[in-house]
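Student: This is the structure I want to talk about, given as structure tokens.
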Amino acid sequence: MSETPALFDRLALAKHRNRARFNPAVFLHEEALADVQDRIALVNKSFTAPTIVTPFPEIWQPHWQTARIVPDDDILDLTENTHDLIVHAMALHWANDPVGQLIQCRRALKPDGLLLVVALGGQTLHELRAALGQAEIEVTGGLSPRISPMGEIRDLGALLQRAGLALPVADSAVLKTSYATPLHLMHDLRAMGETNALSTRIRMSTRRSVIQRAMELYADSYADETGRIIATFELITLTGWAPDSSQPQPLRPGSAAQRLADVLNTVETPLKD
């Protein structure tokens, strides 16, 4: 049997990330970092063996001097039942096997250990996706893969349960940014290491006419009152715990000691068959 083709070209992704290190744009990582720090501060627990899965250790390491840093390879450098906190930082949207990444993290957690994942979600760059797609159809009559597919919050939340994590929670924050032109946005994406690394991408340069038309469509459809173009980034945060007997457990169906109608002081109306 043939293997399923990888969605992402990891060699190309590594080149993009290395290029970004020379003049990085890190505001998304800063937003993700602040979110993670806020969530950990609300947890009534001390973490003594943290690990951060990230392609940019220089951004995350200064804030967790004692944390072990692990690159987001397909096979994570994690040891089973070792860590009480794992932060998967801004990398899951580049995983060829996202549920596999979560399963590896869950196995590396000690019982009642916490996994926090921050990744880009499905609303990210929907303006650029639409403008490029329409421009390419108009100019060439076809459509090629240019922006990575990104998971929706419901789908990503379901991955936590598939990975065997307890008390799963998924939520998102939509960030609206503005740029002078779409070209400035594309420059920032290069500086983030977030440019096209799809395995099925077209390897030749995009036609100038396609780029020009996309810039026109973007400016016409997604400019604010000052003429700057809007770009959306969605940060999805996933939270799950390694199962442990100390955690709250759901009640067995039929085990309730009191009727809901009595608690609400109302009359229960039976449904018709």
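By order of appearance in the structure tokens: chains A, B, ..., then residues from 1 within every chain, and ligands from 1 in the order shown.
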Can you tell me, as a VMD selection string, what residues are no more than 6 Å from range 178-191 of chain A when counting only C-alpha atoms, ignoring any on the same chain fewer than 2 positions away?
Tutor: chain A and resid 20 24 to 25 193 to 195 228 to 231
Student: In range 49-207 of chain A, what's helix (DSSP H, G or I) per DSSP? Answer as JSON, numbers by chain?
Tutor: {"A": [57, 58, 59, 60, 61, 62, 63, 92, 93, 94, 98, 99, 100, 101, 102, 103, 104, 105, 106, 107, 108, 126, 127, 128, 129, 130, 131, 132, 133, 134, 135, 136, 137, 138, 139, 140, 153, 154, 155, 156, 157, 158, 159, 160, 161, 162, 182, 183, 184, 185, 186, 187, 188, 189, 190, 191, 192]}
Student: Which residues are close to range 201-204 of chain A, i.e. within 9 Å by only C-alpha atoms, leaving aside same-chain residues fewer than 3 positions away? Reply as a list in words.
Tutor: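 Here the qualifying residues turn out to be Ser144, Pro145, Arg146, Asn196, Ala197, Leu198 and Arg207 of chain A.
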Student: I want to know what sits within 12 Å of Asp220 in chain A, based on only C-alpha atoms, with residues of the same chain fewer than 2 positions away left out; could you give that as a list of chain:residue names?
Tutor: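 These residues fall inside the cut-off: A:Glu127, A:Ala131, A:Thr181, A:Pro182, A:Arg213, A:Ala214, A:Met215, A:Glu216, A:Leu217, A:Tyr218, A:Tyr222, A:Ala223, A:Asp224, A:Glu225, A:Gly227, A:Arg228, A:Ile229, A:Ile230.
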Student: Using only C-alpha atoms, determine which residues lie at most 8 Å from range 137-140 of chain A, disregarding the query and same-chain residues fewer than 4 positions distant; provide the list as JSON, numbers by chain.
Tutor: {"A": [133, 209, 210]}
Student: Based on the selection just made, write N, CA and C atoms of those residues as a PDB file, in the first residue's frame.
Tutor:
ATOM      1  N   GLY A 133      -7.241  33.662  -4.711  1.00  0.00           N
ATOM      2  CA  GLY A 133      -8.027  32.685  -5.446  1.00  0.00           C
ATOM      3  C   GLY A 133      -8.786  33.311  -6.597  1.00  0.00           C
ATOM      4  N   SER A 209       0.988  39.204 -13.212  1.00  0.00           N
ATOM      5  CA  SER A 209      -0.386  39.648 -13.440  1.00  0.00           C
ATOM      6  C   SER A 209      -1.332  39.113 -12.375  1.00  0.00           C
ATOM      7  N   VAL A 210      -1.061  37.896 -11.869  1.00  0.00           N
ATOM      8  CA  VAL A 210      -1.888  37.339 -10.801  1.00  0.00           C
ATOM      9  C   VAL A 210      -1.690  38.151  -9.516  1.00  0.00           C
TER      10      VAL A 210
END
Student: Using 10 Å as the limit and counting only C-alpha atoms, can you tabulate each residue of range 118-184 of chain A that touches range 95-113 of chain A, with its shortest atom-to-atom distance in Å and the two atoms involved, as a tab-separated table?
Tutor:
residue	atom	partner	partner_atom	distance
A:Gly151	CA	A:Pro98	CA	9.8
A:Leu156	CA	A:Val99	CA	8.8
A:Ala158	CA	A:Val99	CA	9.5
A:Leu159	CA	A:Val99	CA	5.8
A:Leu160	CA	A:Leu102	CA	7.1
A:Gln161	CA	A:Val99	CA	9.6
A:Arg162	CA	A:Val99	CA	7.2
A:Ala163	CA	A:Ile103	CA	4.7
A:Gly164	CA	A:Ile103	CA	7.3
A:Leu165	CA	A:Arg106	CA	6.7
A:Ala166	CA	A:Asp112	CA	8.8
Student: CA of Leu85 in chain A to CA of Phe47 in chain A: how many Å, to one decimal?
Tutor: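 So the answer is 6.4 Å.
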Student: For a test of reading the model, state the distance in Å between CA of Arg129 in chain A and CA of Leu235 in chain A, rounded to one decimal.
Tutor: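 CA of Leu235 in chain A lies 17.1 Å from CA of Arg129 in chain A.
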Student: Please provide as a PyMOL selection string all residues within 6 Å of Leu238 in chain A, with the sequence filter that same-chain residues fewer than 3 positions apart are discarded (counting only C-alpha atoms).
Tutor: chain A and resi 116-117+169-170
Student: Those selected residues, please, written with all heavy atoms and delivered as a PDB file, in the first residue's frame.
Tutor:
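This is the output file again33.pdb:
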ATOM      1  N   LEU A 116      -1.204  22.685  26.801  1.00  0.00           N
ATOM      2  CA  LEU A 116      -1.720  23.926  26.230  1.00  0.00           C
ATOM      3  C   LEU A 116      -1.201  24.046  24.798  1.00  0.00           C
ATOM      4  O   LEU A 116       0.012  23.982  24.566  1.00  0.00           O
ATOM      5  CB  LEU A 116      -1.248  25.128  27.047  1.00  0.00           C
ATOM      6  CG  LEU A 116      -2.114  25.581  28.221  1.00  0.00           C
ATOM      7  CD1 LEU A 116      -1.365  26.608  29.065  1.00  0.00           C
ATOM      8  CD2 LEU A 116      -3.422  26.172  27.722  1.00  0.00           C
ATOM      9  N   VAL A 117      -2.111  24.205  23.858  1.00  0.00           N
ATOM     10  CA  VAL A 117      -1.748  24.331  22.450  1.00  0.00           C
ATOM     11  C   VAL A 117      -2.261  25.668  21.934  1.00  0.00           C
ATOM     12  O   VAL A 117      -3.429  26.012  22.151  1.00  0.00           O
ATOM     13  CB  VAL A 117      -2.367  23.191  21.606  1.00  0.00           C
ATOM     14  CG1 VAL A 117      -1.986  23.355  20.132  1.00  0.00           C
ATOM     15  CG2 VAL A 117      -1.934  21.838  22.126  1.00  0.00           C
ATOM     16  N   VAL A 169     -10.905  21.707  26.329  1.00  0.00           N
ATOM     17  CA  VAL A 169     -11.500  23.020  26.080  1.00  0.00           C
ATOM     18  C   VAL A 169     -10.810  23.617  24.851  1.00  0.00           C
ATOM     19  O   VAL A 169      -9.588  23.535  24.711  1.00  0.00           O
ATOM     20  CB  VAL A 169     -11.322  23.969  27.281  1.00  0.00           C
ATOM     21  CG1 VAL A 169     -11.863  25.363  26.951  1.00  0.00           C
ATOM     22  CG2 VAL A 169     -12.016  23.422  28.521  1.00  0.00           C
ATOM     23  N   ALA A 170     -11.616  24.213  23.972  1.00  0.00           N
ATOM     24  CA  ALA A 170     -11.068  24.909  22.800  1.00  0.00           C
ATOM     25  C   ALA A 170     -11.722  26.275  22.697  1.00  0.00           C
ATOM     26  O   ALA A 170     -12.945  26.392  22.805  1.00  0.00           O
ATOM     27  CB  ALA A 170     -11.325  24.100  21.532  1.00  0.00           C
TER      28      ALA A 170
END
Student: I'd like the contact shell of Ser199 in chain A - 6 Å cut-off, only C-alpha atoms, skipping same-chain residues fewer than 6 positions apart - returned as a list of chain:residue names.
Tutor: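 Once the nearby chain positions are removed, what remains is A:Leu7, A:Phe8, A:Asp9.
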Student: Could you pull out all residues of range 91-221 of chain A with a DSSP call of strand (DSSP E) and give them as an NGL selection string?
Tutor: :A and (109-120 or 166-179)
Student: Dump C-alpha atoms for the selected residues as a PDB file, in the first residue's frame?
Tutor:
ATOM      1  CA  LEU A 109       2.520  14.044  30.384  1.00  0.00           C
ATOM      2  CA  LYS A 110       2.420  12.767  33.915  1.00  0.00           C
ATOM      3  CA  PRO A 111      -1.059  11.995  35.299  1.00  0.00           C
ATOM      4  CA  ASP A 112      -2.950  15.280  35.726  1.00  0.00           C
ATOM      5  CA  GLY A 113      -0.392  17.075  33.558  1.00  0.00           C
ATOM      6  CA  LEU A 114      -1.542  20.009  31.450  1.00  0.00           C
ATOM      7  CA  LEU A 115      -1.289  20.439  27.685  1.00  0.00           C
ATOM      8  CA  LEU A 116      -1.720  23.926  26.230  1.00  0.00           C
ATOM      9  CA  VAL A 117      -1.748  24.331  22.450  1.00  0.00           C
ATOM     10  CA  VAL A 118      -1.820  27.622  20.579  1.00  0.00           C
ATOM     11  CA  ALA A 119      -2.086  27.506  16.784  1.00  0.00           C
ATOM     12  CA  LEU A 120      -3.488  29.461  13.855  1.00  0.00           C
ATOM     13  CA  ALA A 166      -9.454  14.857  29.782  1.00  0.00           C
ATOM     14  CA  LEU A 167     -11.419  18.072  30.411  1.00  0.00           C
ATOM     15  CA  PRO A 168     -10.869  19.348  26.848  1.00  0.00           C
ATOM     16  CA  VAL A 169     -11.500  23.020  26.080  1.00  0.00           C
ATOM     17  CA  ALA A 170     -11.068  24.909  22.800  1.00  0.00           C
ATOM     18  CA  ASP A 171     -11.485  28.628  22.278  1.00  0.00           C
ATOM     19  CA  SER A 172     -10.286  31.267  19.858  1.00  0.00           C
ATOM     20  CA  ALA A 173      -9.281  34.901  19.619  1.00  0.00           C
ATOM     21  CA  VAL A 174      -9.613  36.757  16.317  1.00  0.00           C
ATOM     22  CA  LEU A 175      -6.973  39.436  15.756  1.00  0.00           C
ATOM     23  CA  LYS A 176      -7.543  42.136  13.155  1.00  0.00           C
ATOM     24  CA  THR A 177      -4.372  43.771  11.860  1.00  0.00           C
ATOM     25  CA  SER A 178      -3.842  46.432   9.203  1.00  0.00           C
ATOM     26  CA  TYR A 179      -1.131  47.029   6.630  1.00  0.00           C
TER      27      TYR A 179
END
Student: Counting only C-alpha atoms, which residue out of A:Gln249, A:Asn23, A:Gln65, A:Gln212 sits closest to Ile52 in chain A?
Tutor: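 Closest candidate: A:Gln65.
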Student: When you count only C-alpha atoms, which of these residues is closest to Glu136 in chain A: A:Thr206, A:Gln247, A:Thr48, A:Gln37?
Tutor: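 Of the candidates, the smallest distance to Glu136 in chain A is held by A:Thr206.
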